[in-house]
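Below is one structure, written out as structure tokens; comments come after it.
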Amino acid sequence: MSEHLLSLVLFTPLAGMLILLLIPGSKKNLIRVWANVAAFAGLLVSLPLIWRFDKNASGFQMVERVEWIPSLGARYIVGIDGISLLLVLLTTVVGFLAILSSWSAIEERVKEYYAMFLLQQTGMIGVFLALDFFLFFAFWEVVLVPMYFIIGVWGGPRRLYAAIKFFLYTLAGSVLMLLGILTMYFQHFKQFGYYTFEIADLMKLDMPLGVQQWVFWAFFIGFAIKVPMFPFHTWLPDAHVEAPTAGSVVLASVLLKMGTYGFLRFSLPLLPRASIDPLIVQILAGLSIVAIIYGALVSLMQQDWKKLVAYSSVSHLGFCTLGIFSLNPNGLAGSVLQQINHGISTGMLFLIVGVIYERRHTREIKEYGGLAHVMPKFATVFAIAMLSSAGLPLLNGFIGEFTILQGAFEANRAWAALAVTGVILGAAYLLWLYQRTMLGEVTNEKNRRLPDLNLRELAVFLPLLAWAVWIGIYPKPYFDVLEKPVQEIVQRVRPEYYRAVAAAEPGAHR
Amino acid sequence: MSAYYTSIDHFALIPAIMLALFGCAIFLFDFLIFPAPKQRKWLLLFLVLGVAFAGFGLWRQQQFLSAQGVPEFTAFSGALTIDGFSIFFNWIFLVATFIVGLASYNYLEIEGEHHGEYYGLIMLANCGMYFLATGTDLVTLFIGLELMALCFYIMVGFLRGDKRSNEAAVKYLLLGAFSSGFLVYGFSVMYGLAGSTRLGDITVAIARRETWDPLVFLALATTTIGLLFKISAVPFHMWAPDAYEGAPTTVTAYLSVGSKAASFAFLVRIFLGPLAPAREVWLPLLSAVAIATMTVGNLAAISQSNIKRLLAYSSISHAGYILLGLVAGNPTGIKGIAVYVLVYTFMNLGAFLVVVALRRKDILGENLEDLGGLMQKSPGHAILMLIFLLSLAGIPPTAGFLGKYYIFLALIQTGHYVLAVLAATYVAVAVYYYFRVVRSMFISEEADRVPVASSFGLRLALGLTGVLTLAIGVYPEPWLELAQTSLLLR
């Protein structure tokens, strides 16, 4: 089994889902238990990845390849490097916790709910593992359907609108991305005389800048809508606000990372010339900075707790894309780490909204106040999650944002200066949110008797809290894991970079 | 055997003979042996047998071609050509006939119009399709077309007591006859140009003339109009929604896949044969038609509340996509047409069969609301329908994606980037209306508590289409190889 570890990780949730379908829908508790067992099994089988992964090896590891559609040149190829390792672990951990958190939140159509969640797990892991564009695209699309149902069936009042908007936006992006993929596929045929979707083969392709630019924009549409980057972000608040808690958690923590991962894995290494094209870099960095500031400003204005967290995602993801298009090791490594951090922190923030929504069935911020007196454990968890999201030193958010800003500073000082305002605004809207909901006197009578976190809820939060603290205090293992893949990307996009650094090293100042 | 009817002629004709023989036998046995309405089911056995024998004949032809190592052989001094193309399409027709036959008996019982001749008409229509795929002579092709169309005129109006069905039949008959007129006019000009009705001779004659020769243009324009009617391409699509809505749903299913697939086989034969030399002339024409077809089909489908009409417009838009394969015109595009028609057959049949299952005594089951809560009522049907709709939308890993994949790739290979972007954008539009159906099934409240209609045949047919739609999507290799053998461009 050990040589098929990745396939095991990939298909465990799917197998769990297929078995789940055999359980009669009336046995709700059995379904819940089984779904949690399956998700936990998915988490367990992913853990060996940690010690089997060799951080000093370059390229992809644990690669499996099977012929799939020879006449198209599509193969089943999966493999991981440091970037996908972290994202896969994020997926299995957050996926399990999201399923665990749904125990009492979902009463209707329980079986379908868990089936969709498990199917989605496989889809998302597949996106991060696939090393063949055809396979990647299939998983990319597979993810859409379960999320549509999770929002559309178990969501809030405007769920239908939010679900179809999510679906159409992402689909429109991904079909245009498909055209980009097909263009590369055909270019490869023209240069090498055979058709293949394998990423490693497509890397050898030498396309003229003009074609690279077109393909870059095609990919951009697909990935930027998923991230979502600034002008394409409008689906996100709707989807988040309407989705059930666990749906929001997975959407924010993992689904959005598919977009940033796409930039890292495909746009940069496959289209190196377009990726350093000054115009493209300026536009992408500009959009990222707009997203950082705009997302933060809009967050400040929100009356709805969940919407606030949703817009904060836009801002945080802006940091991730800014890091990517700084195109230097700090920026890239910081971006990946920040993606994990955002998964942890924003995941927690959405869970927190979910906990309170389950008790009060409202998300209006002004309905709350002084909850710290009533729910001390809850307030503590929220405080840590909020501070980790705001980027307080010794918590994870700080490490990620700091590294990204370092990278941005190195690339262009103005970018860093502008992005820093996002950090400040981020602290502002989060602290203000905390103040309005948690501190002061209890103003609303309905809030007097709210029960504090129960054991299951604590069990959901504790691993995430521990993870946040771990990254905050000792991020070295993460940077170690990321060093090689980041170096490979930079080497590919800017071959002169390391030479320049080596040349500058002897001097005291750079 | 005389010199006019050799054994190779016979060999080329066997599937058609089987279909016609068993079809006519059904007409006879209907009142000779099985006069009681209860026994009519047994006529289905004749259909299955006929299809099986025809399939056997087809398989023998396939074996013969591979054993001889030749790409094709002709019969009746060139009036019929058996090649990979004809065999590929004939398999599609036979499977469609089989599936529709299976799904029909229970439905016709419910409609109260279960008559034996229905099965006979299906088989004769299939016989007509056989000639459309194998014919390489204008007269043969035209006879095949009319045989198929006549059967459909009757079948569309099969619900004698139903106003809509009658209206649909008359509309379809009038517009169909009109389009046949155009077609035959074009054929007569072609005959005038070549002095022969063989496609090969006409190709030579047209190639010898100048590209913009007025006579060639006349032949081209009228033939194209006739053909576009048959595949319901814009602006000649008006009959389709009405005919699809009014016809008995099983007939709609058959019309939307069988007739369409046969018309595409016909169209490809003509455009890659006699009209190939005039490609420069028809290319802008067909591009415009393809764009218009995708646009009108997709946009009009959005506002439909009747699911049969919705699927009618969706099938119009699919015709647009398939035409794009011809616009690209390279081997990928032609293979794309074959793959697209193959996957379209199964997914579209499947979608209509779910509508068939919704027709119950006293419930028409044709509106979007009638699908409401299907997931609670009958999860199997709902999930199958979801698979068919995802496939129609072209979302992997369902079969429909492959059709779109080839079309997009062909457009990119031939540098039609704008068309590719347009076609890709319409996928998102299509998802919008397909997901109106999904929403109704999975999210809306249950419309009624009456269980969906079910019979062994219908379940088998649905299962078959569902399994194929998924299987082709997940493991397409054997199907792509099959489509590869059908390539007309060599």
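Please note that chains go A, B, ... in the order of the structure tokens, that every chain numbers its residues from 1, and that ligands are numbered from 1 in the order shown.
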Selection: 10 Å around Glu369 in chain B, only C-alpha atoms, excl. self and same-chain fewer than 6 positions, as a PDB file with N, CA and C atoms, in the first residue's frame:
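The resulting file, selection.pdb, is shown below:
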```
ATOM      1  N   SER B 305     -40.185  26.888 -19.148  1.00  0.00           N
ATOM      2  CA  SER B 305     -40.656  26.253 -17.921  1.00  0.00           C
ATOM      3  C   SER B 305     -41.087  24.818 -18.204  1.00  0.00           C
ATOM      4  N   ASN B 306     -41.225  24.494 -19.479  1.00  0.00           N
ATOM      5  CA  ASN B 306     -41.554  23.127 -19.852  1.00  0.00           C
ATOM      6  C   ASN B 306     -40.246  22.397 -20.130  1.00  0.00           C
ATOM      7  N   ILE B 307     -40.067  21.307 -19.458  1.00  0.00           N
ATOM      8  CA  ILE B 307     -38.758  20.662 -19.533  1.00  0.00           C
ATOM      9  C   ILE B 307     -38.476  20.099 -20.921  1.00  0.00           C
ATOM     10  N   VAL B 437     -33.148  22.944 -13.537  1.00  0.00           N
ATOM     11  CA  VAL B 437     -33.737  21.618 -13.369  1.00  0.00           C
ATOM     12  C   VAL B 437     -33.182  20.960 -12.112  1.00  0.00           C
ATOM     13  N   SER B 440     -34.699  22.374  -9.061  1.00  0.00           N
ATOM     14  CA  SER B 440     -36.045  21.879  -8.869  1.00  0.00           C
ATOM     15  C   SER B 440     -36.018  20.477  -8.244  1.00  0.00           C
ATOM     16  N   MET B 441     -35.140  19.637  -8.746  1.00  0.00           N
ATOM     17  CA  MET B 441     -35.104  18.246  -8.270  1.00  0.00           C
ATOM     18  C   MET B 441     -34.601  18.139  -6.839  1.00  0.00           C
ATOM     19  N   SER B 444     -36.174  22.192  -4.396  1.00  0.00           N
ATOM     20  CA  SER B 444     -37.588  22.565  -4.248  1.00  0.00           C
ATOM     21  C   SER B 444     -38.371  21.497  -3.489  1.00  0.00           C
ATOM     22  N   GLU B 445     -39.554  21.911  -3.058  1.00  0.00           N
ATOM     23  CA  GLU B 445     -40.436  20.992  -2.345  1.00  0.00           C
ATOM     24  C   GLU B 445     -40.994  19.944  -3.308  1.00  0.00           C
ATOM     25  N   GLU B 446     -41.418  18.843  -2.748  1.00  0.00           N
ATOM     26  CA  GLU B 446     -42.011  17.793  -3.567  1.00  0.00           C
ATOM     27  C   GLU B 446     -43.286  18.305  -4.241  1.00  0.00           C
ATOM     28  N   ALA B 447     -43.403  18.056  -5.532  1.00  0.00           N
ATOM     29  CA  ALA B 447     -44.540  18.583  -6.268  1.00  0.00           C
ATOM     30  C   ALA B 447     -45.785  17.741  -6.010  1.00  0.00           C
ATOM     31  N   ASP B 448     -45.643  16.462  -5.954  1.00  0.00           N
ATOM     32  CA  ASP B 448     -46.774  15.566  -5.715  1.00  0.00           C
ATOM     33  C   ASP B 448     -46.233  14.302  -5.063  1.00  0.00           C
TER      34      ASP B 448
END
```
Subject >> Residue list for chain A near chain B as a PyMOL selection string, 8 Å, only C-alpha atoms >> reply: chain A and resi 68-71+137-138+141-142+152-153+160+164+168+171-172+175-176+179+182-183+186
**OP:** Compile the contact shell of range 420-435 of chain A as a VMD selection string: residues with an atom at most 6 Å away, counting only C-alpha atoms, same-chain residues fewer than 6 positions apart removed.
**Re:** chain A and resid 292 to 293 296 300 390
Using DSSP on the backbone, list every residue of range 198-341 of chain A that comes out as helix (DSSP H, G or I), and give them as a CSV table (one decimal) with C-alpha atoms, in the first residue's frame.
```
chain,number,residue,atom,x,y,z
A,199,ILE,CA,2.9,18.9,-16.4
A,200,ALA,CA,6.5,17.8,-16.5
A,201,ASP,CA,6.4,17.6,-20.3
A,202,LEU,CA,4.6,20.9,-20.7
A,203,MET,CA,7.3,22.5,-18.7
A,209,LEU,CA,5.8,35.6,-25.2
A,210,GLY,CA,2.6,36.5,-27.0
A,211,VAL,CA,1.2,33.0,-26.7
A,212,GLN,CA,2.3,32.8,-23.1
A,213,GLN,CA,0.5,36.0,-22.4
A,214,TRP,CA,-2.8,34.8,-23.8
A,215,VAL,CA,-2.5,31.5,-21.9
A,216,PHE,CA,-1.6,33.4,-18.8
A,217,TRP,CA,-4.8,35.5,-19.0
A,218,ALA,CA,-6.9,32.4,-19.7
A,219,PHE,CA,-5.4,30.7,-16.6
A,220,PHE,CA,-5.8,34.0,-14.7
A,221,ILE,CA,-9.5,34.1,-15.3
A,222,GLY,CA,-9.9,30.6,-13.9
A,223,PHE,CA,-7.6,31.1,-10.9
A,224,ALA,CA,-8.5,34.7,-10.1
A,225,ILE,CA,-12.2,33.9,-9.9
A,226,LYS,CA,-11.4,31.0,-7.5
A,230,PHE,CA,-10.4,41.9,-6.7
A,231,PRO,CA,-12.9,42.4,-9.6
A,232,PHE,CA,-14.0,38.8,-9.5
A,235,TRP,CA,-19.5,35.7,-5.6
A,236,LEU,CA,-17.6,35.2,-2.4
A,237,PRO,CA,-19.6,37.2,0.2
A,238,ASP,CA,-22.8,35.7,-1.1
A,239,ALA,CA,-21.5,32.2,-1.0
A,240,HIS,CA,-20.1,32.6,2.4
A,241,VAL,CA,-23.0,34.2,4.0
A,242,GLU,CA,-25.5,31.7,2.7
A,245,THR,CA,-21.0,26.8,8.7
A,246,ALA,CA,-19.0,23.8,7.6
A,247,GLY,CA,-19.4,24.8,4.0
A,248,SER,CA,-18.0,28.3,4.7
A,249,VAL,CA,-15.1,26.7,6.6
A,250,VAL,CA,-14.1,24.5,3.7
A,251,LEU,CA,-14.8,27.1,1.2
A,252,ALA,CA,-12.6,29.6,2.9
A,253,SER,CA,-9.9,27.3,4.2
A,254,VAL,CA,-9.4,25.0,1.2
A,255,LEU,CA,-11.5,25.9,-1.9
A,257,LYS,CA,-6.5,27.9,-2.1
A,258,MET,CA,-7.2,26.0,-5.3
A,259,GLY,CA,-6.9,29.4,-7.1
A,260,THR,CA,-3.6,30.5,-5.4
A,261,TYR,CA,-2.3,26.9,-5.8
A,262,GLY,CA,-3.1,27.2,-9.5
A,263,PHE,CA,-1.0,30.3,-9.8
A,264,LEU,CA,1.9,28.7,-8.0
A,265,ARG,CA,1.8,25.3,-9.7
A,266,PHE,CA,0.8,26.2,-13.2
A,267,SER,CA,0.9,29.9,-14.1
A,268,LEU,CA,4.4,30.6,-12.8
A,269,PRO,CA,6.3,27.5,-13.8
A,270,LEU,CA,4.5,26.8,-17.1
A,272,PRO,CA,7.7,31.9,-16.9
A,273,ARG,CA,8.0,34.6,-19.5
A,274,ALA,CA,4.5,35.9,-19.1
A,275,SER,CA,4.9,35.7,-15.4
A,278,PRO,CA,6.3,43.8,-16.2
A,279,LEU,CA,2.8,44.7,-17.2
A,280,ILE,CA,1.3,41.4,-16.0
A,281,VAL,CA,3.2,41.6,-12.7
A,282,GLN,CA,2.1,45.2,-12.2
A,283,ILE,CA,-1.5,44.4,-12.9
A,284,LEU,CA,-1.5,41.3,-10.6
A,285,ALA,CA,0.2,43.0,-7.8
A,286,GLY,CA,-2.0,46.1,-8.2
A,287,LEU,CA,-5.2,43.9,-8.0
A,288,SER,CA,-3.8,42.2,-5.0
A,289,ILE,CA,-3.2,45.4,-3.2
A,290,VAL,CA,-6.6,46.7,-4.1
A,291,ALA,CA,-8.0,43.5,-2.7
A,292,ILE,CA,-6.1,43.9,0.5
A,293,ILE,CA,-7.2,47.4,1.1
A,294,TYR,CA,-10.7,47.2,-0.4
A,295,GLY,CA,-11.5,43.9,1.4
A,296,ALA,CA,-10.4,45.4,4.7
A,297,LEU,CA,-12.4,48.6,4.2
A,298,VAL,CA,-15.5,46.7,3.3
A,299,SER,CA,-15.0,44.5,6.3
A,300,LEU,CA,-15.0,47.6,8.5
A,301,MET,CA,-18.4,48.5,7.2
A,305,TRP,CA,-20.6,39.0,11.5
A,306,LYS,CA,-20.2,36.4,8.7
A,307,LYS,CA,-20.0,38.8,5.9
A,308,LEU,CA,-17.2,40.6,7.8
A,309,VAL,CA,-15.2,37.4,7.9
A,310,ALA,CA,-16.0,36.8,4.3
A,311,TYR,CA,-14.6,40.2,3.2
A,312,SER,CA,-11.6,39.7,5.4
A,313,SER,CA,-10.9,36.6,3.3
A,314,VAL,CA,-10.7,38.8,0.2
A,315,SER,CA,-8.2,41.0,2.0
A,316,HIS,CA,-6.1,38.0,3.3
A,317,LEU,CA,-6.1,36.3,-0.1
A,318,GLY,CA,-4.8,39.6,-1.5
A,319,PHE,CA,-1.7,39.1,0.6
A,320,CYS,CA,-1.3,35.6,-0.8
A,321,THR,CA,-1.5,36.7,-4.4
A,322,LEU,CA,0.8,39.7,-3.6
A,323,GLY,CA,3.3,37.2,-2.2
A,324,ILE,CA,3.1,35.1,-5.3
A,325,PHE,CA,3.7,38.0,-7.7
A,326,SER,CA,6.6,39.4,-5.7
A,329,PRO,CA,11.5,33.2,-2.3
A,330,ASN,CA,10.2,35.2,0.6
A,331,GLY,CA,7.0,36.2,-1.2
A,332,LEU,CA,6.3,32.7,-2.4
A,333,ALA,CA,7.0,30.9,0.8
A,334,GLY,CA,5.1,33.5,2.8
A,335,SER,CA,2.2,33.2,0.4
A,336,VAL,CA,2.0,29.4,0.9
A,337,LEU,CA,2.3,29.7,4.6
A,338,GLN,CA,-0.3,32.5,4.6
A,339,GLN,CA,-2.6,30.2,2.7
A,340,ILE,CA,-2.3,27.6,5.5
A,341,ASN,CA,-2.7,30.4,8.1
```
**OP:** Find the residues near Ala357 in chain B: any atom within 8 Å, counting only C-alpha atoms, skip ones fewer than 6 places away on the same chain, and give them as a count of residues only.
**Re:** 5
Subject >> Point-to-point distance in Å for CA of Tyr114 in chain A and CA of Leu18 in chain A >> reply: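 So the answer is 10.9 Å.
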Applying 8 Å and only C-alpha atoms, which residues near Ala372 in chain A remain after dropping the ones on its own chain fewer than 3 positions away? List them as a compact mmCIF listing (two decimals) with N, CA and C atoms, in the first residue's frame.
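Done, and the output landed in around07.txt:
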```
# COMPACT_ATOMS: atom_id res chain seq x y z
N MET A 375 -19.98 33.46 27.95
CA MET A 375 -19.30 32.33 27.33
C MET A 375 -17.79 32.54 27.38
N PRO A 376 -17.20 32.36 28.53
CA PRO A 376 -15.76 32.66 28.65
C PRO A 376 -14.87 31.81 27.74
N PHE A 378 -15.63 30.39 24.94
CA PHE A 378 -15.88 30.86 23.58
C PHE A 378 -15.10 32.15 23.31
N ALA A 379 -15.17 33.05 24.27
CA ALA A 379 -14.49 34.34 24.11
C ALA A 379 -12.99 34.16 23.99
N MET A 438 -18.00 40.86 22.15
CA MET A 438 -17.56 40.13 23.33
C MET A 438 -17.45 40.99 24.58
N LEU A 439 -17.01 42.21 24.41
CA LEU A 439 -16.67 43.02 25.58
C LEU A 439 -17.85 43.88 26.04
```
Subject >> Pick from A:Arg413, A:Arg448, A:Arg52, A:Lys366, whichever lies nearest to Leu5 in chain A using only C-alpha atoms >> reply: A:Arg52
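All residues of protein, DNA or RNA that reach within 10 Å of Trp34 in chain A, judged by only C-alpha atoms and not counting those fewer than 4 positions away in the chain, are Gly16, Met17, Ile19, Leu20, Ile23, Lys28, Asn29, Leu30, Ala38, Ala39, Phe40 and Tyr114 of chain A.
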Residues near range 87-93 of chain B, anyone? I mean within 10 Å using only C-alpha atoms, not counting same-chain ones fewer than 2 positions away, as a CSV table (one decimal) with N, CA and C atoms, in the first residue's frame.
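So part17.csv came out as:
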```
chain,number,residue,atom,x,y,z
B,15,PRO,N,-28.3,-5.3,-42.6
B,15,PRO,CA,-28.9,-4.6,-41.4
B,15,PRO,C,-30.2,-4.0,-41.8
B,51,VAL,N,-33.3,-5.7,-34.0
B,51,VAL,CA,-32.1,-4.9,-33.7
B,51,VAL,C,-30.9,-5.8,-33.5
B,54,ALA,N,-29.8,-7.0,-36.9
B,54,ALA,CA,-29.2,-5.9,-37.6
B,54,ALA,C,-27.8,-5.6,-37.1
B,55,GLY,N,-27.7,-5.7,-35.7
B,55,GLY,CA,-26.4,-5.5,-35.1
B,55,GLY,C,-25.4,-6.6,-35.5
B,58,LEU,N,-24.1,-5.7,-38.8
B,58,LEU,CA,-23.2,-4.6,-38.7
B,58,LEU,C,-21.8,-5.1,-38.2
B,59,TRP,N,-21.9,-6.0,-37.3
B,59,TRP,CA,-20.7,-6.6,-36.7
B,59,TRP,C,-19.9,-7.4,-37.8
B,61,GLN,N,-20.0,-6.8,-41.0
B,61,GLN,CA,-19.4,-5.8,-41.8
B,61,GLN,C,-18.1,-5.3,-41.3
B,62,GLN,N,-18.2,-5.0,-40.0
B,62,GLN,CA,-17.0,-4.5,-39.3
B,62,GLN,C,-15.8,-5.5,-39.4
B,81,THR,N,-22.0,2.9,-49.4
B,81,THR,CA,-20.6,2.7,-49.0
B,81,THR,C,-20.5,2.3,-47.5
B,82,ILE,N,-19.9,1.1,-47.3
B,82,ILE,CA,-19.8,0.7,-45.9
B,82,ILE,C,-18.3,1.0,-45.5
B,83,ASP,N,-18.3,1.9,-44.5
B,83,ASP,CA,-16.9,2.3,-44.0
B,83,ASP,C,-17.1,2.5,-42.5
B,84,GLY,N,-16.0,2.8,-41.9
B,84,GLY,CA,-16.0,3.0,-40.4
B,84,GLY,C,-17.0,4.0,-40.0
B,85,PHE,N,-17.2,5.1,-40.8
B,85,PHE,CA,-18.1,6.1,-40.5
B,85,PHE,C,-19.5,5.6,-40.5
B,95,VAL,N,-28.5,1.3,-31.0
B,95,VAL,CA,-28.6,1.4,-29.6
B,95,VAL,C,-29.7,2.3,-29.2
B,96,ALA,N,-29.8,3.4,-29.9
B,96,ALA,CA,-30.9,4.4,-29.6
B,96,ALA,C,-32.3,3.7,-29.8
B,97,THR,N,-32.4,3.0,-30.9
B,97,THR,CA,-33.7,2.3,-31.2
B,97,THR,C,-34.0,1.3,-30.1
B,98,PHE,N,-33.0,0.5,-29.7
B,98,PHE,CA,-33.2,-0.4,-28.6
B,98,PHE,C,-33.6,0.2,-27.3
B,99,ILE,N,-32.9,1.3,-26.9
B,99,ILE,CA,-33.2,2.0,-25.7
B,99,ILE,C,-34.6,2.6,-25.7
B,125,ALA,N,-37.9,3.7,-39.2
B,125,ALA,CA,-37.2,5.0,-39.1
B,125,ALA,C,-35.7,4.7,-39.0
B,126,ASN,N,-35.4,3.7,-38.2
B,126,ASN,CA,-34.0,3.3,-38.1
B,126,ASN,C,-33.4,2.8,-39.5
B,127,CYS,N,-34.3,2.1,-40.2
B,127,CYS,CA,-33.9,1.6,-41.5
B,127,CYS,C,-33.6,2.8,-42.4
B,129,MET,N,-32.5,5.7,-41.3
B,129,MET,CA,-31.2,6.2,-40.8
B,129,MET,C,-30.1,5.4,-41.4
B,130,TYR,N,-30.3,4.1,-41.5
B,130,TYR,CA,-29.2,3.3,-42.1
B,130,TYR,C,-28.7,3.8,-43.4
B,131,PHE,N,-29.7,4.2,-44.2
B,131,PHE,CA,-29.3,4.7,-45.6
B,131,PHE,C,-28.7,6.1,-45.5
B,132,LEU,N,-29.1,6.8,-44.5
B,132,LEU,CA,-28.5,8.2,-44.4
B,132,LEU,C,-27.0,8.0,-44.0
B,133,ALA,N,-26.7,7.0,-43.3
B,133,ALA,CA,-25.3,6.9,-42.9
B,133,ALA,C,-24.4,6.2,-43.9
B,134,THR,N,-25.1,5.2,-44.7
B,134,THR,CA,-24.3,4.5,-45.6
B,134,THR,C,-24.4,5.0,-47.0
B,254,TYR,N,-36.4,9.9,-29.2
B,254,TYR,CA,-35.8,9.3,-30.4
B,254,TYR,C,-35.5,10.3,-31.5
B,257,VAL,N,-32.3,12.3,-30.7
B,257,VAL,CA,-31.0,11.7,-30.9
B,257,VAL,C,-30.9,11.0,-32.2
B,258,GLY,N,-31.9,10.1,-32.5
B,258,GLY,CA,-31.8,9.3,-33.7
B,258,GLY,C,-31.8,10.2,-35.0
B,259,SER,N,-32.8,11.0,-35.1
B,259,SER,CA,-33.0,11.8,-36.3
B,259,SER,C,-31.8,12.8,-36.4
B,261,ALA,N,-28.7,12.5,-35.1
B,261,ALA,CA,-27.5,11.8,-35.4
B,261,ALA,C,-27.4,11.5,-36.9
B,262,ALA,N,-28.6,10.9,-37.4
B,262,ALA,CA,-28.6,10.5,-38.8
B,262,ALA,C,-28.4,11.8,-39.7
B,264,PHE,N,-26.9,14.4,-39.0
B,264,PHE,CA,-25.5,14.9,-38.9
B,264,PHE,C,-24.6,13.9,-39.8
B,265,ALA,N,-24.9,12.6,-39.8
B,265,ALA,CA,-24.1,11.7,-40.6
B,265,ALA,C,-24.3,12.2,-42.1
B,338,ALA,N,-18.0,13.0,-34.3
B,338,ALA,CA,-18.4,11.6,-34.0
B,338,ALA,C,-18.5,11.4,-32.5
B,341,VAL,N,-21.6,13.3,-31.1
B,341,VAL,CA,-22.9,12.6,-31.4
B,341,VAL,C,-23.1,11.4,-30.5
B,342,LEU,N,-22.0,10.7,-30.3
B,342,LEU,CA,-22.0,9.5,-29.5
B,342,LEU,C,-22.5,9.8,-28.0
B,343,VAL,N,-21.8,10.7,-27.4
B,343,VAL,CA,-22.1,11.0,-26.0
B,343,VAL,C,-23.4,11.7,-25.9
B,345,THR,N,-26.0,11.2,-27.8
B,345,THR,CA,-27.1,10.2,-27.9
B,345,THR,C,-27.4,9.7,-26.5
B,346,PHE,N,-26.4,9.3,-25.7
B,346,PHE,CA,-26.7,8.7,-24.4
B,346,PHE,C,-27.3,9.7,-23.4
B,482,LEU,N,-13.0,3.8,-31.0
B,482,LEU,CA,-14.1,3.5,-31.9
B,482,LEU,C,-14.4,4.7,-32.8
B,483,ALA,N,-14.4,5.8,-32.2
B,483,ALA,CA,-14.7,7.0,-33.0
B,483,ALA,C,-13.5,7.3,-34.0
B,484,GLN,N,-12.3,6.9,-33.6
B,484,GLN,CA,-11.2,7.1,-34.5
B,484,GLN,C,-11.4,6.3,-35.8
B,485,THR,N,-12.0,5.1,-35.7
B,485,THR,CA,-12.2,4.3,-36.9
B,485,THR,C,-13.2,4.9,-37.8
B,486,SER,N,-14.0,5.9,-37.3
B,486,SER,CA,-15.1,6.4,-38.1
B,486,SER,C,-14.6,7.6,-39.0
B,487,LEU,N,-13.3,8.0,-38.8
B,487,LEU,CA,-12.9,9.3,-39.5
B,487,LEU,C,-13.0,9.2,-41.0
```
Original post:
Which value, in Å to one decimal, gives the distance between CA of Pro146 in chain A and CA of Gln120 in chain A?
Top reply: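 One can read the CA of Pro146 in chain A to CA of Gln120 in chain A distance as 5.8 Å.
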**OP:** Measuring atom to atom with only C-alpha atoms, identify which of A:Asn412, A:Asn56, A:Asn36, A:Ser46 is nearest to Leu100 in chain A.
**Re:** A:Asn36
